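Comments concern the structure below.
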Amino acid sequence: MNAARKIYCRIYQKVFRAALPLLPYRNPVIRHSIEDVNDIMQENKLKRPLLVTDGQIRGLGLTKNLERHLSENGKQPVVYDRTGANPTTEMVMEALKCYRAGECDCIIAFGGGSSMDCAKAVGACVARPKKDLKKMAGILKVVKKTPVIIAIPTTAGTGSETTLAAVIVDSETKHKYVINDFPLIPSYAVLAPSVIKSLPQSVAAATGMDALTHAVEAYIGGSTTGMTRADAEEAVSLIFANIEAASRHESTRSEACMLKAAHLAGRAFTRSYVGYIHAVSHSLSGKYNMPHGLTNAVLLPIVLEMYGSRVYKKLARLAVCAGLGDEDEGEEKLAKRFIAEIYSMNERLGIPKRIEGIKKEDIDELSMYADREANPLYPVPVLWDRRELKKIYRRASA
Ligand SMILES: [Fe+2]
């Protein structure tokens, strides 16, 4: 990247970093059991929830306990279960119709990132009934309070239950846009291991590696705070200790630890951002519909290696948090061990070393999207332009 653009990027990031303590971030109240949902509603004098989920999750019977529990307590939910992998404006409007027809007063988001996104967007529409959903794209366009949102994640990965973003696809133009505002942060997050019990091993592994990528990218970036560093360190420590056992569903404890880790990593990156790994991953999922967690897992050690000595100090600290060595062993040695362990962990989790299916002729366009997403916003340790970003695609597919 040329010097002028580098200066522009760093100034842009410094401004956002300076504003960070002034922004009204809040943390959802954490609960650990589906049975807590009735208590939450009672505490808030809520009577009728809109349950936003997807057909696959409901088809697998994952929402059964929750629906029964609510009905037994006189709070029969109105169910919207047509959220797709990428929620569209049409889906949000359908769900909103259900909310209004059912005279709901709160929203339960049950699922992975997409159900959360859809539920948050419904919340935004309830808060701003006269404002078009598209007009809320961008930053701070919702402003008003949404109904209470109770988020129940079904994977230990996205951390979406604590973030302020909702990604929506325009049904007409197919364009993806993001609504970012503080009222979209759910009021409650129910981190219940029973919900992730039946997750297929490969999904649990890939989503867990997504959480690790959130923690690492937030930590090595230039916009951290004492709190986001502590959250990221704890998340890394929990993930290294639990991801394998949790993916194989060996113990409820390991699953609970992964849910906590994904939540902490979500708290860290919603304040301190992600980096080039996510930008490249998003370009790949947009073009080829590749699973986000899987591409992140493959890219994580590759990009950390490419950053070189600029990230040794921080990776060395993470290596110690992960229990891979002692502080006095030297930064370079520890950082390289941290990266090597991610390669090994990927292998043990059945994650491939390379990404299949990246077409050479697409790399130019893909790198343009990654550049556009990451620069100047993401406070990455080393700045790369489109030309330099192409190396990541080549290395990941070689
Ligand atoms: Fe992610």
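Naming works like this for the structure tokens: A, B, ... for the chains as they're shown, residue 1 at the start of each chain, ligands 1 onward in shown order.
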Discussion item. Env of range 70-78 of chain A: 12 Å cut, atoms = only C-alpha atoms, seq-sep filter 4 positions within chain, self excluded. Answer as number ranges by chain.
Written reply: A: 34-42, 45-53, 63-66, 95-109
With N, CA, C and O atoms retained, export the selected residues as a CSV table (one decimal), in the first residue's frame.
```csv
chain,number,residue,atom,x,y,z
A,34,ILE,N,-32.7,-22.7,28.8
A,34,ILE,CA,-33.9,-22.4,28.1
A,34,ILE,C,-35.0,-22.0,29.1
A,34,ILE,O,-35.9,-21.1,28.8
A,35,GLU,N,-35.0,-22.6,30.3
A,35,GLU,CA,-36.1,-22.4,31.3
A,35,GLU,C,-36.0,-20.9,31.8
A,35,GLU,O,-36.9,-20.5,32.4
A,36,ASP,N,-34.9,-20.3,31.6
A,36,ASP,CA,-34.7,-18.9,32.1
A,36,ASP,C,-35.5,-17.9,31.2
A,36,ASP,O,-35.8,-16.8,31.7
A,37,VAL,N,-35.9,-18.3,30.0
A,37,VAL,CA,-36.6,-17.4,29.1
A,37,VAL,C,-37.9,-16.9,29.7
A,37,VAL,O,-38.3,-15.7,29.7
A,38,ASN,N,-38.7,-17.8,30.4
A,38,ASN,CA,-39.9,-17.4,31.0
A,38,ASN,C,-39.7,-16.4,32.1
A,38,ASN,O,-40.4,-15.4,32.2
A,39,ASP,N,-38.6,-16.6,32.9
A,39,ASP,CA,-38.2,-15.7,34.0
A,39,ASP,C,-37.9,-14.3,33.4
A,39,ASP,O,-38.3,-13.3,33.9
A,40,ILE,N,-37.1,-14.3,32.3
A,40,ILE,CA,-36.8,-13.0,31.7
A,40,ILE,C,-38.0,-12.3,31.3
A,40,ILE,O,-38.2,-11.1,31.5
A,41,MET,N,-39.0,-13.0,30.7
A,41,MET,CA,-40.2,-12.4,30.2
A,41,MET,C,-41.0,-11.8,31.4
A,41,MET,O,-41.6,-10.8,31.3
A,42,GLN,N,-41.1,-12.7,32.4
A,42,GLN,CA,-41.8,-12.2,33.6
A,42,GLN,C,-41.2,-11.0,34.2
A,42,GLN,O,-41.9,-10.0,34.5
A,45,LYS,N,-42.2,-8.1,32.3
A,45,LYS,CA,-43.6,-8.0,32.1
A,45,LYS,C,-44.0,-8.2,30.6
A,45,LYS,O,-44.8,-7.4,30.1
A,46,LEU,N,-43.4,-9.2,30.0
A,46,LEU,CA,-43.7,-9.5,28.6
A,46,LEU,C,-44.6,-10.6,28.5
A,46,LEU,O,-44.5,-11.6,29.3
A,47,LYS,N,-45.5,-10.6,27.5
A,47,LYS,CA,-46.5,-11.6,27.4
A,47,LYS,C,-46.4,-12.5,26.1
A,47,LYS,O,-46.7,-13.7,26.2
A,48,ARG,N,-46.0,-11.9,25.0
A,48,ARG,CA,-46.1,-12.7,23.8
A,48,ARG,C,-44.8,-12.5,22.9
A,48,ARG,O,-44.6,-11.4,22.3
A,49,PRO,N,-44.0,-13.6,22.8
A,49,PRO,CA,-42.8,-13.4,22.0
A,49,PRO,C,-43.0,-13.8,20.5
A,49,PRO,O,-43.8,-14.7,20.2
A,50,LEU,N,-42.2,-13.1,19.7
A,50,LEU,CA,-42.0,-13.6,18.3
A,50,LEU,C,-40.8,-14.5,18.3
A,50,LEU,O,-39.7,-14.0,18.7
A,51,LEU,N,-40.9,-15.7,17.9
A,51,LEU,CA,-39.7,-16.6,17.9
A,51,LEU,C,-39.2,-16.6,16.5
A,51,LEU,O,-39.9,-17.1,15.6
A,52,VAL,N,-38.0,-16.1,16.3
A,52,VAL,CA,-37.4,-16.1,14.9
A,52,VAL,C,-36.4,-17.2,14.8
A,52,VAL,O,-35.4,-17.2,15.6
A,53,THR,N,-36.6,-18.1,13.9
A,53,THR,CA,-35.6,-19.2,13.7
A,53,THR,C,-35.6,-19.6,12.2
A,53,THR,O,-36.2,-19.0,11.4
A,63,THR,N,-36.2,-26.3,18.7
A,63,THR,CA,-36.9,-25.3,19.4
A,63,THR,C,-38.1,-25.9,20.3
A,63,THR,O,-38.8,-25.1,21.0
A,64,LYS,N,-38.2,-27.2,20.2
A,64,LYS,CA,-39.4,-27.9,20.8
A,64,LYS,C,-39.5,-27.5,22.3
A,64,LYS,O,-40.5,-27.1,22.8
A,65,ASN,N,-38.3,-27.7,23.0
A,65,ASN,CA,-38.3,-27.5,24.5
A,65,ASN,C,-38.7,-26.0,24.8
A,65,ASN,O,-39.5,-25.8,25.7
A,66,LEU,N,-38.2,-25.1,24.1
A,66,LEU,CA,-38.5,-23.7,24.3
A,66,LEU,C,-39.9,-23.4,24.0
A,66,LEU,O,-40.6,-22.8,24.9
A,95,ALA,N,-41.6,-11.6,8.8
A,95,ALA,CA,-41.5,-11.8,10.3
A,95,ALA,C,-42.1,-10.6,11.0
A,95,ALA,O,-42.8,-10.8,12.0
A,96,LEU,N,-41.9,-9.5,10.4
A,96,LEU,CA,-42.5,-8.3,11.0
A,96,LEU,C,-44.1,-8.4,11.0
A,96,LEU,O,-44.7,-8.0,12.0
A,97,LYS,N,-44.6,-8.9,9.9
A,97,LYS,CA,-46.0,-9.1,9.8
A,97,LYS,C,-46.5,-10.0,10.9
A,97,LYS,O,-47.6,-9.8,11.6
A,98,CYS,N,-45.8,-11.1,11.2
A,98,CYS,CA,-46.1,-12.1,12.2
A,98,CYS,C,-46.1,-11.4,13.6
A,98,CYS,O,-47.0,-11.6,14.4
A,99,TYR,N,-45.1,-10.5,13.8
A,99,TYR,CA,-45.0,-9.8,15.1
A,99,TYR,C,-46.2,-8.9,15.3
A,99,TYR,O,-46.8,-9.0,16.4
A,100,ARG,N,-46.6,-8.2,14.3
A,100,ARG,CA,-47.8,-7.3,14.4
A,100,ARG,C,-49.1,-8.1,14.5
A,100,ARG,O,-49.9,-7.8,15.4
A,101,ALA,N,-49.2,-9.1,13.7
A,101,ALA,CA,-50.5,-9.8,13.7
A,101,ALA,C,-50.7,-10.5,15.0
A,101,ALA,O,-51.8,-10.7,15.5
A,102,GLY,N,-49.6,-11.0,15.6
A,102,GLY,CA,-49.6,-11.7,16.9
A,102,GLY,C,-49.6,-10.8,18.1
A,102,GLY,O,-49.6,-11.3,19.2
A,103,GLU,N,-49.6,-9.5,17.8
A,103,GLU,CA,-49.5,-8.5,18.9
A,103,GLU,C,-48.3,-8.9,19.9
A,103,GLU,O,-48.5,-9.0,21.1
A,104,CYS,N,-47.2,-9.2,19.3
A,104,CYS,CA,-46.0,-9.5,20.2
A,104,CYS,C,-45.4,-8.3,20.9
A,104,CYS,O,-45.7,-7.2,20.5
A,105,ASP,N,-44.7,-8.6,21.9
A,105,ASP,CA,-44.1,-7.5,22.7
A,105,ASP,C,-42.6,-7.7,22.9
A,105,ASP,O,-41.9,-7.0,23.6
A,106,CYS,N,-42.0,-8.8,22.3
A,106,CYS,CA,-40.6,-9.1,22.4
A,106,CYS,C,-40.2,-10.1,21.4
A,106,CYS,O,-41.1,-10.7,20.7
A,107,ILE,N,-38.9,-10.2,21.2
A,107,ILE,CA,-38.4,-11.1,20.1
A,107,ILE,C,-37.4,-12.1,20.6
A,107,ILE,O,-36.5,-11.7,21.4
A,108,ILE,N,-37.6,-13.4,20.3
A,108,ILE,CA,-36.6,-14.4,20.7
A,108,ILE,C,-35.9,-14.8,19.4
A,108,ILE,O,-36.5,-15.3,18.4
A,109,ALA,N,-34.5,-14.6,19.3
A,109,ALA,CA,-33.8,-15.1,18.2
A,109,ALA,C,-33.2,-16.4,18.5
A,109,ALA,O,-32.4,-16.5,19.5
```
Practice prompt. Collect all residues with atoms no farther than 8 Å from ligand 1, counting only C-alpha atoms and all ligand atoms, and output them as a PyMOL selection string.
Written response: chain A and resi 157-158+210-211+213-214+278+292-293+296
Residues of range 200-268 of chain A at most 9 Å from range 375-393 of chain A: nearest atom pair and distance in Å, only C-alpha atoms, as a tab-separated table:
```
residue	atom	partner	partner_atom	distance
A:Glu217	CA	A:Val380	CA	7.9
A:Ala218	CA	A:Pro379	CA	8.8
A:Ile220	CA	A:Pro381	CA	6.4
A:Gly221	CA	A:Val380	CA	4.8
A:Gly222	CA	A:Pro379	CA	5.0
A:Ser223	CA	A:Pro379	CA	6.2
```
Residue selection dump (all heavy atoms) as a PDB file, in the first residue's frame:
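Saved as result-v9.pdb:
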```pdb
ATOM      1  N   GLU A 217      -8.158 -11.752  15.691  1.00  0.00           N
ATOM      2  CA  GLU A 217      -8.124 -10.537  14.859  1.00  0.00           C
ATOM      3  C   GLU A 217      -8.369  -9.283  15.706  1.00  0.00           C
ATOM      4  O   GLU A 217      -7.744  -8.247  15.481  1.00  0.00           O
ATOM      5  CB  GLU A 217      -9.162 -10.620  13.732  1.00  0.00           C
ATOM      6  CG  GLU A 217      -8.753 -11.619  12.660  1.00  0.00           C
ATOM      7  CD  GLU A 217      -9.248 -11.266  11.262  1.00  0.00           C
ATOM      8  OE1 GLU A 217     -10.452 -11.370  11.023  1.00  0.00           O
ATOM      9  OE2 GLU A 217      -8.400 -10.891  10.417  1.00  0.00           O
ATOM     10  N   ALA A 218      -9.301  -9.382  16.680  1.00  0.00           N
ATOM     11  CA  ALA A 218      -9.551  -8.226  17.550  1.00  0.00           C
ATOM     12  C   ALA A 218      -8.284  -7.900  18.342  1.00  0.00           C
ATOM     13  O   ALA A 218      -7.894  -6.743  18.466  1.00  0.00           O
ATOM     14  CB  ALA A 218     -10.708  -8.521  18.499  1.00  0.00           C
ATOM     15  N   ILE A 220      -4.981  -8.630  17.798  1.00  0.00           N
ATOM     16  CA  ILE A 220      -3.764  -8.151  17.114  1.00  0.00           C
ATOM     17  C   ILE A 220      -3.997  -6.812  16.402  1.00  0.00           C
ATOM     18  O   ILE A 220      -3.059  -6.206  15.899  1.00  0.00           O
ATOM     19  CB  ILE A 220      -3.209  -9.187  16.098  1.00  0.00           C
ATOM     20  CG1 ILE A 220      -4.233  -9.476  14.984  1.00  0.00           C
ATOM     21  CG2 ILE A 220      -2.787 -10.470  16.801  1.00  0.00           C
ATOM     22  CD1 ILE A 220      -3.696 -10.383  13.878  1.00  0.00           C
ATOM     23  N   GLY A 221      -5.243  -6.354  16.385  1.00  0.00           N
ATOM     24  CA  GLY A 221      -5.547  -5.068  15.747  1.00  0.00           C
ATOM     25  C   GLY A 221      -5.114  -3.899  16.629  1.00  0.00           C
ATOM     26  O   GLY A 221      -4.750  -4.069  17.787  1.00  0.00           O
ATOM     27  N   GLY A 222      -5.210  -2.703  16.082  1.00  0.00           N
ATOM     28  CA  GLY A 222      -4.724  -1.517  16.794  1.00  0.00           C
ATOM     29  C   GLY A 222      -5.789  -0.781  17.583  1.00  0.00           C
ATOM     30  O   GLY A 222      -5.527   0.302  18.098  1.00  0.00           O
ATOM     31  N   SER A 223      -7.010  -1.337  17.699  1.00  0.00           N
ATOM     32  CA  SER A 223      -8.071  -0.608  18.412  1.00  0.00           C
ATOM     33  C   SER A 223      -8.575  -1.354  19.635  1.00  0.00           C
ATOM     34  O   SER A 223      -9.769  -1.377  19.915  1.00  0.00           O
ATOM     35  CB  SER A 223      -9.260  -0.357  17.462  1.00  0.00           C
ATOM     36  OG  SER A 223      -8.917   0.639  16.547  1.00  0.00           O
TER      37      SER A 223
END
```
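Residues lying within 10 Å of Lys197 in chain A, counting only C-alpha atoms and ignoring same-chain neighbours fewer than 5 positions away, are Leu62, Thr154, Thr155, Ala192, Ala204, Ala246, Ser247, Arg248, His249, Glu250, Ser251, Thr252 and Glu255 of chain A.
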Prev. selection, C-alpha atoms, output as a CSV table (one decimal), in the first residue's frame:
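Below is the file part-v2.csv, written as the result:
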```
chain,number,residue,atom,x,y,z
A,62,LEU,CA,-34.3,-27.8,18.6
A,154,THR,CA,-27.3,-22.6,18.4
A,155,THR,CA,-23.6,-22.5,17.5
A,192,ALA,CA,-27.4,-23.0,26.8
A,204,ALA,CA,-19.1,-27.2,15.7
A,246,ALA,CA,-16.9,-29.7,22.5
A,247,SER,CA,-16.9,-30.5,18.7
A,248,ARG,CA,-17.1,-34.2,19.6
A,249,HIS,CA,-19.7,-33.4,22.3
A,250,GLU,CA,-17.6,-35.1,25.0
A,251,SER,CA,-18.8,-33.0,27.9
A,252,THR,CA,-21.4,-30.4,28.7
A,255,GLU,CA,-19.7,-27.0,25.3
```
Practice prompt. Would you mind telling me which residue in A:Leu184, A:Val195, A:Val143, A:Leu304 lies nearest to Ala119 in chain A when using only C-alpha atoms?
Written response: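 So, comparing all the options, the nearest one is A:Leu184.
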Discussion item. Using Å and a single decimal, report how far CA of Ala235 in chain A sits from CA of Gly266 in chain A.
Written reply: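 Distance reported for this atom pair: 9.4 Å.
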Item to complete: Just give me the gap between CA of Asn180 in chain A and CA of Ala18 in chain A in Å, one decimal is fine.
Response: 18.6 Å
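Minimum atom-to-atom distance to Ala398 in chain A, evaluated using only C-alpha atoms, belongs to A:Glu356 out of A:Asp364, A:Glu356, A:Val122, A:His69.
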Item to complete: Using DSSP on the backbone coordinates, identify the residues of range 43-168 of chain A assigned to strand (DSSP E); present them as a ChimeraX atom specification.
Response: /A:49-52,78-80,106-111,138-139,148-153,165-168
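Shell of Lys141 in chain A at 8 Å, with only C-alpha atoms counted and residues fewer than 2 places along the chain excluded, is Lys135, Met136, Ala137, Gly138, Ile139, Val143, Ile179, Asn180 and Asp181 of chain A.
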Practice prompt. Take CA of Arg82 in chain A and CA of Gly112 in chain A and report the distance between them in Å, one decimal.
Written response: 13.4 Å
